[in-house]
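Shown next, in structure tokens, is the structure this report addresses.
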Amino acid sequence: MPTNRRRWPVPPSLLIGLAPLVAFAGVSAWRSRPSDDYPTLGTTVDSVVRSLLVPEGIAALALAVLVTALGWWRIATVDTERGRPRWTWIAPALILVVCLVRLPLVDWGALPWHYFPLLAIGVLFVGVFEELLTRGVLLVGLRRRLPEFGVWIGSCVLFGLLHLLNVLAGAGVGPTLIQVVFAASFGSTLYLARRLTGNLLAPVLLHALWDFGSIAVSATSRQGFDDVVVVGTIGLFAFAVLALGVVAGGVVAWRDDRPRRLRRRWRDVPRNEVAGTAADLRVPTDTPAGSRS
């Protein structure tokens with residue numbers, strides 16, 4: 001009697017996994033204007049509302065509707081098996097430390113009090129949308145065609161390349177290329193956060209907290225010598241931690257593929273071949289040398 005397998009309303013596929021990312025890239029390119037000033041993103045209350053809160057909220061809602069229609073909420077947000085080894089926790093833990101260390105550098109009195117809760121909601125929308133997009137729906141699609149090591153590489157690279165769109169929003173080419181490399185590396189740590197905790201909530205919160213500190217420090221920085229030195233030191237430390245995140249993410253993904261690699265490396269020998277080989281080996285020893293059979 002055949003067993004009934006649980007099937008998702010829409011079966012996972014690579015094309016569906018890539019579709020929201022391509023659609024988002026197209027809409028972002030269409031909305032961008034040469035006059036956009038990307039460096040000032042989120043530095044004022046108006047900018048937070050107009051550039052973060054409203055568009056990212058709409059994007060997150062639209063993606064949530066799509067995931068609901070696909071029936072992918074569980075497979076896009078939950079991993080039934082957590083990643084190993086345990087030492088890889090160091091990378092996301094240190095990134096959390098960086099996020100917390102930057103908070104005292106924010107001048108909380110430099111902007112109206114309501115700027116900060118609005119920014120917190122805005123970056124939370126960013127975290128929900130971008131993580132559900134890249135570490136959620138995209139991950140499901142990539143897993144349909146690639147081993148986990150390829151999924152890790154593909155999700156990180158595509159997350160980094162997505163930031164090339166910032167050039168269309170007024171960012172410089174040089175800083176954008178650096179941001180692409182940074183985002184791809186950060187994507188590895190966010191991948192780790194999902195794999196090690198088994199759900200998408202951890203990378204969402206880590207992503208939001210990182211963006212909050214980056215934008216708030218930039219918006220309220222006094223640009224004094226001490227501030228520049230401290231921010232620069234934290235930045236260098238963050239790059240070292242992200243490098244660790246790349247290594248750790250690769251180790252977790254490579255470890256997951258070990259059973260698949262062993263299946264391809266070791267194959268069962270048919271029983272008749274084993275028997276035939278054994279019989280052949282017995283021929284010279286069963287009959288004494290020089291005797292007639």
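Ordered as shown in the structure tokens, chains take letters A, B, and onward, while each chain numbers its residues from 1 and ligands are numbered from 1 in the order shown.
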- All helix (DSSP H, G or I) residues (DSSP, backbone) inside region 27-272 of chain A, as JSON, numbers by chain: {"A": [27, 28, 29, 30, 31, 38, 39, 40, 45, 46, 47, 48, 49, 50, 51, 52, 53, 54, 55, 56, 57, 58, 59, 60, 61, 62, 63, 64, 65, 66, 67, 68, 69, 70, 73, 74, 75, 76, 77, 86, 87, 88, 89, 90, 91, 92, 93, 94, 95, 96, 97, 98, 99, 100, 101, 102, 103, 104, 105, 115, 116, 117, 118, 119, 120, 121, 122, 123, 124, 125, 126, 127, 128, 129, 130, 131, 132, 133, 134, 135, 136, 137, 138, 139, 140, 141, 142, 143, 144, 145, 148, 149, 150, 151, 152, 153, 154, 155, 156, 157, 158, 159, 160, 161, 162, 163, 164, 165, 166, 167, 168, 169, 173, 174, 175, 176, 177, 178, 179, 180, 181, 182, 183, 184, 185, 186, 187, 188, 189, 190, 191, 192, 193, 194, 195, 196, 197, 201, 202, 203, 204, 205, 206, 207, 208, 209, 210, 211, 212, 213, 214, 215, 216, 217, 218, 219, 220, 225, 226, 227, 228, 229, 230, 231, 232, 233, 234, 235, 236, 237, 238, 239, 240, 241, 242, 243, 244, 245, 246, 247, 248, 249, 250, 251, 252, 253, 254, 255, 256, 258, 259, 260, 261, 262, 263, 264, 265, 271, 272]}
Env of region 157-161 of chain A: 6 Å cut, atoms = only C-alpha atoms, seq-sep filter 2 positions within chain, self excluded. Answer as a short mmCIF file (atom, residue, chain, number, x, y, z; two decimals) with C-alpha atoms, in the first residue's frame.
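Below you can see around37.cif, which holds the result:
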```cif
data_model
loop_
_atom_site.label_atom_id
_atom_site.label_comp_id
_atom_site.auth_asym_id
_atom_site.auth_seq_id
_atom_site.Cartn_x
_atom_site.Cartn_y
_atom_site.Cartn_z
CA GLY A 154 24.44 30.93 -4.32
CA SER A 155 22.46 32.63 -1.55
CA HIS A 163 23.26 45.55 -3.50
CA LEU A 164 24.57 46.59 -6.93
CA VAL A 180 28.60 43.95 -2.46
CA ALA A 183 26.94 41.97 1.97
CA ALA A 184 27.94 38.60 0.50
#
```
- Spatial neighbours of Ser214 (chain A), 12 Å, only C-alpha atoms, chain gap at least 2 places, as a PyMOL selection string: chain A and resi 39+41-43+98-103+105-106+119-120+123+207-212+216-221+231+234-235+238
- Within 12 Å of region 74-86 of chain A using only C-alpha atoms, minus same-chain residues under 3 positions, as an NGL selection string: :A and (7-12 or 17 or 63-64 or 66-68 or 70-71 or 89-93 or 128 or 131-144 or 148 or 191-204 or 248-257)
- So which residues touch region 115-117 of chain A within 8 Å, counting only C-alpha atoms, skipping near sequence neighbours fewer than 3 positions away, as a ChimeraX atom specification? /A:44-45,48,111-112,120-121,216
Those selected residues, please, written with all heavy atoms and delivered as a PDB file, in the first residue's frame.
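What ended up in result_0.pdb:
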```pdb
ATOM      1  N   THR A  44      17.146  61.150   8.329  1.00  0.00           N
ATOM      2  CA  THR A  44      16.134  62.064   8.844  1.00  0.00           C
ATOM      3  C   THR A  44      14.828  61.289   9.035  1.00  0.00           C
ATOM      4  O   THR A  44      14.664  60.192   8.500  1.00  0.00           O
ATOM      5  CB  THR A  44      15.888  63.235   7.887  1.00  0.00           C
ATOM      6  OG1 THR A  44      15.362  62.729   6.644  1.00  0.00           O
ATOM      7  CG2 THR A  44      17.177  64.008   7.612  1.00  0.00           C
ATOM      8  N   VAL A  45      13.909  61.891   9.774  1.00  0.00           N
ATOM      9  CA  VAL A  45      12.617  61.252   9.987  1.00  0.00           C
ATOM     10  C   VAL A  45      11.902  61.047   8.661  1.00  0.00           C
ATOM     11  O   VAL A  45      11.346  59.973   8.389  1.00  0.00           O
ATOM     12  CB  VAL A  45      11.747  62.100  10.942  1.00  0.00           C
ATOM     13  CG1 VAL A  45      10.339  61.514  11.030  1.00  0.00           C
ATOM     14  CG2 VAL A  45      12.383  62.171  12.321  1.00  0.00           C
ATOM     15  N   VAL A  48      13.471  58.178   6.725  1.00  0.00           N
ATOM     16  CA  VAL A  48      13.129  56.875   7.299  1.00  0.00           C
ATOM     17  C   VAL A  48      11.747  56.441   6.833  1.00  0.00           C
ATOM     18  O   VAL A  48      11.539  55.294   6.408  1.00  0.00           O
ATOM     19  CB  VAL A  48      13.182  56.935   8.840  1.00  0.00           C
ATOM     20  CG1 VAL A  48      12.537  55.688   9.442  1.00  0.00           C
ATOM     21  CG2 VAL A  48      14.621  57.057   9.313  1.00  0.00           C
ATOM     22  N   LEU A 111      18.525  63.773  17.242  1.00  0.00           N
ATOM     23  CA  LEU A 111      17.341  63.775  16.386  1.00  0.00           C
ATOM     24  C   LEU A 111      16.095  63.641  17.259  1.00  0.00           C
ATOM     25  O   LEU A 111      16.181  63.226  18.424  1.00  0.00           O
ATOM     26  CB  LEU A 111      17.411  62.613  15.381  1.00  0.00           C
ATOM     27  CG  LEU A 111      18.479  62.730  14.289  1.00  0.00           C
ATOM     28  CD1 LEU A 111      18.654  61.408  13.558  1.00  0.00           C
ATOM     29  CD2 LEU A 111      18.123  63.837  13.303  1.00  0.00           C
ATOM     30  N   PRO A 112      14.920  63.991  16.729  1.00  0.00           N
ATOM     31  CA  PRO A 112      13.676  63.850  17.508  1.00  0.00           C
ATOM     32  C   PRO A 112      13.523  62.416  18.026  1.00  0.00           C
ATOM     33  O   PRO A 112      13.928  61.452  17.365  1.00  0.00           O
ATOM     34  CB  PRO A 112      12.586  64.210  16.497  1.00  0.00           C
ATOM     35  CG  PRO A 112      13.275  65.067  15.487  1.00  0.00           C
ATOM     36  CD  PRO A 112      14.671  64.566  15.390  1.00  0.00           C
ATOM     37  N   ALA A 120      13.653  51.784  13.948  1.00  0.00           N
ATOM     38  CA  ALA A 120      13.625  50.380  14.386  1.00  0.00           C
ATOM     39  C   ALA A 120      12.591  49.583  13.604  1.00  0.00           C
ATOM     40  O   ALA A 120      12.862  48.459  13.165  1.00  0.00           O
ATOM     41  CB  ALA A 120      13.335  50.316  15.886  1.00  0.00           C
ATOM     42  N   ILE A 121      11.417  50.165  13.397  1.00  0.00           N
ATOM     43  CA  ILE A 121      10.382  49.472  12.621  1.00  0.00           C
ATOM     44  C   ILE A 121      10.811  49.328  11.170  1.00  0.00           C
ATOM     45  O   ILE A 121      10.614  48.285  10.539  1.00  0.00           O
ATOM     46  CB  ILE A 121       9.042  50.222  12.730  1.00  0.00           C
ATOM     47  CG1 ILE A 121       8.555  50.251  14.172  1.00  0.00           C
ATOM     48  CG2 ILE A 121       7.984  49.562  11.840  1.00  0.00           C
ATOM     49  CD1 ILE A 121       7.340  51.135  14.388  1.00  0.00           C
ATOM     50  N   ALA A 216      21.855  54.602  12.411  1.00  0.00           N
ATOM     51  CA  ALA A 216      21.760  55.539  13.530  1.00  0.00           C
ATOM     52  C   ALA A 216      23.101  56.202  13.823  1.00  0.00           C
ATOM     53  O   ALA A 216      23.163  57.415  14.087  1.00  0.00           O
ATOM     54  CB  ALA A 216      21.247  54.816  14.773  1.00  0.00           C
TER      55      ALA A 216
END
```
- Give me, please, the distance in Å between CA of Thr233 (chain A) and CA of Gly109 (chain A), quoted to one decimal.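 A separation of 24.0 Å between them.
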- Query: Out of A:Ser13, A:Asn166, A:Thr88, A:Thr189, which residue has the shortest atom-to-atom distance to Ser28 (chain A) when counting only C-alpha atoms?
  - Reply: A:Asn166
- Message: Just checking: using only C-alpha atoms, which residue out of A:Pro147, A:Pro55, A:Gly187, A:Pro175 ends up closest to Gly122 (chain A)?
- Response: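 Going through A:Pro147, A:Pro55, A:Gly187, A:Pro175 one by one, the smallest distance to Gly122 (chain A) is for A:Pro55.
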- Note on the structure: One decimal place gives the CA of Ser32 (chain A)-CA of Leu168 (chain A) separation as 5.6 Å
- Selected residue of minimal separation from Ile16 (chain A) among A:Val228, A:Leu162, A:Trp72, A:Pro104, counting only C-alpha atoms: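 Closest candidate: A:Trp72.
The shortest atom-to-atom distance to Asp46 (chain A), with only C-alpha atoms taken into account, belongs to A:Leu118 out of A:Arg263, A:Leu118, A:Arg258, A:Val27.
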- Record the distance separating CA of Tyr38 (chain A) and CA of Gly170 (chain A), expressed in Å with one decimal. 5.0 Å
- Skipping near chain neighbours, those fewer than 4 positions away, what residues fall within 9 Å of Ala29 (chain A) using only C-alpha atoms, listed as a list in words?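 Residues meeting the cut-off are Phe24, Ala25, Arg33, Leu165, Leu168 and Ala169 of chain A.
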